[in-house]
Amino acid sequence: MISAVFIAGLLFAIALTLFIQAIPAIKTFGFGFFVSKTWNTAAEQFGALPFLVGTLLTSFLALIISIPFSISISIFLGEYFKEGAASTFLRSAVEVLAGIPSVIYGLWGLFLLMPMVRIIETKLGVPPHGVGIFTSALILAIMVIPFSASIGREVITLVPSDLKEAAYSLGATRFEVLKNIIIPYARSGIIAGILLALGRAIGETMAVTMLIGNSNFLPTSIFSPANTMASVIANEFAEATGLVSSSLIYIALVLFLVTMLVNIIGNYVIQKISIEASKEVT
Amino acid sequence: MKDHVRARLIKNYIFKGLVMLFAFISLLPLLLILYYITKNGISVINWDFLTQLPRPIGEAGGGVFNAIMGTIMLIVLSCVFSIPFGIAAGIYLAENREGKLSNIVRLCVVVLQGTPSIVIGIIAYAWIVAPLRTFSALSGGIALSIMMLPVIIKTTEETLKLIPYHLKEASLALGVPYYKTILKVVLPSGLNGILTGILLSVARITGETAPLLFTAFGNQFMNWNIFKPIDSLPYRIFYYAMSPYPEWHTFAWGASFILVVLTLAFNLIARGVSIKWKIQF
């Protein structure tokens, strides 16, 4: 009982601490913090727009890249190969992928992905930074695939088999069953999985910090270096004092609230689906 | 008519092919990561690498002994903080399935699980580092233990929910006090699940860097004092990888190899525990 209260209190205390520490920045900049694009430590003028844009660009780009792969994996594991060697292999591989620490993704991206992106950039005729939004989005896509894939697999296996059998008995091919029965039925669950992956992509720090190029200006293209909300905290917080650190904590507060919202919605949708599915079985 | 059916079948096969293709393409990064880590990491690892302290740049040799020890110390510290609270909260949730507080706590666990690790780092900074005025192993341990909590709570709750009610009833009917029933009957029968949860959460925090950046901070030297900054493997990898020296880059690969082996080992042991010690009811 006490520790249960402790957990609830812990979360409350986290929110409260962030809020209190952010008060100086909130007072000085208000909501204009998110539309101002200057981040100047010397002039003590702070605006989070570049980081907001950086976060949104990297995470949505990562989601778009990862969606075909994660949905393929969920269909593969949830429908085509429910058991057997191929399924076990793929499933454990995805689990290993989820277990690799993010700093190692960063290291790998720095020494393999970055030169590759640099080659692409030279071919496209943009300045070959190598690091930047595109590189970070690539590594983020790899990192979030396991999350949306495992949730997608779960909701696909929850599709009632009488629905599928009814479609098969009418002569539908497997593709048609997938397209017309399974995907529509599992749609909200798949979207919830993608939402949870988004929450993860927004908060992911290390790999992005290593690959995004640490630039405090508004990004001009998807290849330019930038900073996300998480990476600017990682880069600057250790040396920050006064208003700088307060502004960084303001960013952290926003980060916390956004991921909280995304997680609550995603979990709510998934819970609703599993309750509905258990009702239909009984 | 026949053409129509054939077209549908062809579509079917094309789709299946596409799904399999995409599914296996997504394995490519995993294979590449493991390949690169093994290729670049294994050549660096020798006895010196495991037992020596880092040397300044320009001097050959040296190792990551302090980082390995630091990681182990951080794991122990965070286990000390998180296991009692995690298990207790898990028991509470399993014993009180309905109720306002349980629902709130469940929501908190979900939110805590999704909280970005960098935010938790800031929290530990504000709570421990700022009042004590020094980076310390203690603050790193607290940050990591906050990250462990949701996993432990969730697995404890799920395991204890599966334990049949008559086990508890039998114990209570014999006149055993409630707390003893929980400690001697319910907890031991759910031990495998709880242990799996702890191991999984340890695997999760072993590779965490972001909360350590401004809590445990990193340290060139060996340090056994938990009120002083301490090194850790993920931090050392980050530090070496971002440095401009090729010698340090190879060190980063070596440290990554150790880290991956560690996390995979924790994951494997967790799975082994959950299979081997499974109690059937």
# chains A, B, ... in the order shown; residues from 1 in each chain; ligands from 1
>>> residues_around(residues="Ala216 in chain B", least_positions_apart="6", cutoff="7 Å", atoms="only C-alpha atoms", output="PyMOL selection string")
chain B and resi 135-137+139-140+229-231
>>> write_last_selection(atoms="N, CA and C atoms", output="tab-separated table (two decimals), in the first residue's frame")
chain	number	residue	atom	x	y	z
B	135	PHE	N	28.38	15.43	-8.79
B	135	PHE	CA	27.89	14.27	-9.52
B	135	PHE	C	28.24	13.04	-8.71
B	136	SER	N	27.35	12.05	-8.69
B	136	SER	CA	27.66	10.90	-7.86
B	136	SER	C	27.05	9.63	-8.41
B	137	ALA	N	27.65	8.52	-8.01
B	137	ALA	CA	27.13	7.21	-8.39
B	137	ALA	C	25.72	7.02	-7.84
B	139	SER	N	23.33	9.21	-7.45
B	139	SER	CA	22.29	9.82	-8.28
B	139	SER	C	22.05	8.99	-9.53
B	140	GLY	N	23.14	8.44	-10.10
B	140	GLY	CA	22.97	7.56	-11.26
B	140	GLY	C	22.14	6.35	-10.91
B	229	PRO	N	31.63	10.88	-8.60
B	229	PRO	CA	31.29	10.47	-9.96
B	229	PRO	C	31.87	9.10	-10.28
B	230	ILE	N	31.17	8.36	-11.12
B	230	ILE	CA	31.61	7.01	-11.43
B	230	ILE	C	31.48	6.80	-12.94
B	231	ASP	N	32.30	5.93	-13.46
B	231	ASP	CA	32.26	5.64	-14.89
B	231	ASP	C	31.27	4.54	-15.17
>>> residues_around(residues="Leu34 in chain B", least_positions_apart="2", cutoff="12 Å", atoms="only C-alpha atoms", output="MDAnalysis selection string")
(chainID A and resid 93 96:97 100 104:105 108) or (chainID B and resid 27:32 36:42 253 256:257 259:261 264)
>>> interface_residues(of="chain A", to="chain B", cutoff="6 Å", atoms="only C-alpha atoms", output="ChimeraX atom specification")
/A:1,3-4,8,69,72-73,101,175,203,238,252,260
>>> atom_distance(atom1="CA of Ala186 in chain A", atom2="CA of Ala98 in chain A")
22.8 Å
>>> residues_around(residues="Ile20 in chain A", least_positions_apart="5", cutoff="12 Å", atoms="only C-alpha atoms", output="list in words")
Ala13, Ile14, Ala15, Ala25, Ile26, Lys27, Ser246, Ser247, Ile249, Tyr250 and Leu253 of chain A; Ile123 and Ala126 of chain B
>>> select_by_dssp(residues="range 127-254 of chain A", states="alpha helix (DSSP H)", output="ChimeraX atom specification")
/A:133-157,161-169,174-177,183-203,206-211,229-236,242-254
>>> write_last_selection(atoms="C-alpha atoms", output="PDB file, in the first residue's frame")
ATOM      1  CA  ILE A 133      17.829  14.799 -39.468  1.00  0.00           C
ATOM      2  CA  PHE A 134      17.764  12.111 -42.144  1.00  0.00           C
ATOM      3  CA  THR A 135      20.477  10.010 -40.485  1.00  0.00           C
ATOM      4  CA  SER A 136      18.778  10.273 -37.102  1.00  0.00           C
ATOM      5  CA  ALA A 137      15.438   9.339 -38.606  1.00  0.00           C
ATOM      6  CA  LEU A 138      16.994   6.237 -40.159  1.00  0.00           C
ATOM      7  CA  ILE A 139      18.455   5.043 -36.873  1.00  0.00           C
ATOM      8  CA  LEU A 140      15.241   5.895 -35.023  1.00  0.00           C
ATOM      9  CA  ALA A 141      13.253   3.893 -37.563  1.00  0.00           C
ATOM     10  CA  ILE A 142      15.412   0.851 -36.871  1.00  0.00           C
ATOM     11  CA  MET A 143      14.999   1.374 -33.138  1.00  0.00           C
ATOM     12  CA  VAL A 144      11.201   1.678 -33.103  1.00  0.00           C
ATOM     13  CA  ILE A 145      10.433  -1.216 -35.461  1.00  0.00           C
ATOM     14  CA  PRO A 146      10.395  -3.806 -32.622  1.00  0.00           C
ATOM     15  CA  PHE A 147       7.844  -1.832 -30.607  1.00  0.00           C
ATOM     16  CA  SER A 148       5.208  -1.262 -33.232  1.00  0.00           C
ATOM     17  CA  ALA A 149       5.835  -4.733 -34.685  1.00  0.00           C
ATOM     18  CA  SER A 150       5.244  -6.598 -31.429  1.00  0.00           C
ATOM     19  CA  ILE A 151       2.045  -4.679 -30.678  1.00  0.00           C
ATOM     20  CA  GLY A 152       0.889  -5.123 -34.271  1.00  0.00           C
ATOM     21  CA  ARG A 153       1.450  -8.864 -34.027  1.00  0.00           C
ATOM     22  CA  GLU A 154      -0.581  -9.055 -30.837  1.00  0.00           C
ATOM     23  CA  VAL A 155      -3.599  -7.244 -32.228  1.00  0.00           C
ATOM     24  CA  ILE A 156      -3.470  -9.245 -35.472  1.00  0.00           C
ATOM     25  CA  THR A 157      -3.580 -12.517 -33.547  1.00  0.00           C
ATOM     26  CA  SER A 161     -10.911 -16.635 -36.470  1.00  0.00           C
ATOM     27  CA  ASP A 162     -14.615 -17.015 -37.324  1.00  0.00           C
ATOM     28  CA  LEU A 163     -14.413 -13.732 -39.223  1.00  0.00           C
ATOM     29  CA  LYS A 164     -11.404 -14.945 -41.163  1.00  0.00           C
ATOM     30  CA  GLU A 165     -12.946 -18.358 -41.817  1.00  0.00           C
ATOM     31  CA  ALA A 166     -16.133 -16.774 -43.071  1.00  0.00           C
ATOM     32  CA  ALA A 167     -14.128 -14.779 -45.595  1.00  0.00           C
ATOM     33  CA  TYR A 168     -12.102 -17.819 -46.659  1.00  0.00           C
ATOM     34  CA  SER A 169     -15.264 -19.871 -47.140  1.00  0.00           C
ATOM     35  CA  ARG A 174      -5.271 -14.616 -48.184  1.00  0.00           C
ATOM     36  CA  PHE A 175      -4.392 -11.148 -49.435  1.00  0.00           C
ATOM     37  CA  GLU A 176      -8.065 -10.249 -49.597  1.00  0.00           C
ATOM     38  CA  VAL A 177      -8.653 -11.567 -46.099  1.00  0.00           C
ATOM     39  CA  ILE A 183      -6.253  -4.906 -41.251  1.00  0.00           C
ATOM     40  CA  PRO A 184      -9.585  -3.076 -40.768  1.00  0.00           C
ATOM     41  CA  TYR A 185     -10.274  -5.084 -37.626  1.00  0.00           C
ATOM     42  CA  ALA A 186      -6.833  -4.493 -36.155  1.00  0.00           C
ATOM     43  CA  ARG A 187      -6.484  -0.960 -37.461  1.00  0.00           C
ATOM     44  CA  SER A 188      -6.884   0.892 -34.195  1.00  0.00           C
ATOM     45  CA  GLY A 189      -4.455  -1.483 -32.486  1.00  0.00           C
ATOM     46  CA  ILE A 190      -1.855  -1.038 -35.176  1.00  0.00           C
ATOM     47  CA  ILE A 191      -2.266   2.704 -34.928  1.00  0.00           C
ATOM     48  CA  ALA A 192      -1.868   2.488 -31.157  1.00  0.00           C
ATOM     49  CA  GLY A 193       1.353   0.556 -31.668  1.00  0.00           C
ATOM     50  CA  ILE A 194       2.604   3.234 -34.021  1.00  0.00           C
ATOM     51  CA  LEU A 195       1.611   5.862 -31.462  1.00  0.00           C
ATOM     52  CA  LEU A 196       3.638   4.128 -28.764  1.00  0.00           C
ATOM     53  CA  ALA A 197       6.546   3.933 -31.188  1.00  0.00           C
ATOM     54  CA  LEU A 198       6.148   7.666 -31.728  1.00  0.00           C
ATOM     55  CA  GLY A 199       6.365   8.248 -27.989  1.00  0.00           C
ATOM     56  CA  ARG A 200       9.553   6.270 -27.968  1.00  0.00           C
ATOM     57  CA  ALA A 201      10.996   8.131 -30.959  1.00  0.00           C
ATOM     58  CA  ILE A 202      10.264  11.510 -29.390  1.00  0.00           C
ATOM     59  CA  GLY A 203      12.025  10.653 -26.157  1.00  0.00           C
ATOM     60  CA  MET A 206      21.521   8.953 -27.158  1.00  0.00           C
ATOM     61  CA  ALA A 207      21.503   7.666 -30.715  1.00  0.00           C
ATOM     62  CA  VAL A 208      19.947  10.895 -31.919  1.00  0.00           C
ATOM     63  CA  THR A 209      22.371  13.051 -29.952  1.00  0.00           C
ATOM     64  CA  MET A 210      25.265  11.288 -31.637  1.00  0.00           C
ATOM     65  CA  LEU A 211      23.857  11.577 -35.146  1.00  0.00           C
ATOM     66  CA  MET A 229      14.376  18.391 -27.671  1.00  0.00           C
ATOM     67  CA  ALA A 230      16.057  15.405 -26.058  1.00  0.00           C
ATOM     68  CA  SER A 231      19.434  15.920 -27.712  1.00  0.00           C
ATOM     69  CA  VAL A 232      19.711  19.587 -26.794  1.00  0.00           C
ATOM     70  CA  ILE A 233      19.195  18.630 -23.155  1.00  0.00           C
ATOM     71  CA  ALA A 234      21.843  15.926 -23.418  1.00  0.00           C
ATOM     72  CA  ASN A 235      24.286  18.314 -25.071  1.00  0.00           C
ATOM     73  CA  GLU A 236      23.872  21.378 -22.932  1.00  0.00           C
ATOM     74  CA  GLY A 242      20.526  29.765 -14.309  1.00  0.00           C
ATOM     75  CA  LEU A 243      18.159  30.611 -17.091  1.00  0.00           C
ATOM     76  CA  VAL A 244      19.771  28.159 -19.525  1.00  0.00           C
ATOM     77  CA  SER A 245      19.145  25.186 -17.302  1.00  0.00           C
ATOM     78  CA  SER A 246      15.678  26.424 -16.487  1.00  0.00           C
ATOM     79  CA  SER A 247      14.882  26.697 -20.202  1.00  0.00           C
ATOM     80  CA  LEU A 248      16.232  23.194 -20.756  1.00  0.00           C
ATOM     81  CA  ILE A 249      14.024  21.912 -17.956  1.00  0.00           C
ATOM     82  CA  TYR A 250      11.097  23.710 -19.587  1.00  0.00           C
ATOM     83  CA  ILE A 251      11.845  21.651 -22.694  1.00  0.00           C
ATOM     84  CA  ALA A 252      12.053  18.517 -20.549  1.00  0.00           C
ATOM     85  CA  LEU A 253       8.680  19.328 -19.009  1.00  0.00           C
ATOM     86  CA  VAL A 254       7.099  19.593 -22.437  1.00  0.00           C
TER      87      VAL A 254
END
>>> residues_around(residues="Gly54 in chain A", least_positions_apart="2", cutoff="8 Å", atoms="only C-alpha atoms", output="list in words")
Pro50, Phe51, Leu52, Leu56, Leu57, Thr58, Ile133, Leu218, Pro219, Ala226, Asn227, Thr228 and Met229 of chain A
>>> closest_residue(among="B:Gly254, B:Gly272, B:Leu77, B:Phe221", to="Leu50 in chain B", atoms="only C-alpha atoms")
B:Gly254
>>> closest_residue(among="B:Tyr239, B:Tyr245, B:Phe65, B:Phe81", to="Gly141 in chain B", atoms="only C-alpha atoms")
B:Phe81
>>> atom_distance(atom1="CA of Ser189 in chain B", atom2="CA of Ile163 in chain B")
7.4 Å
>>> atom_distance(atom1="CA of Pro128 in chain A", atom2="CA of Phe223 in chain A")
8.3 Å
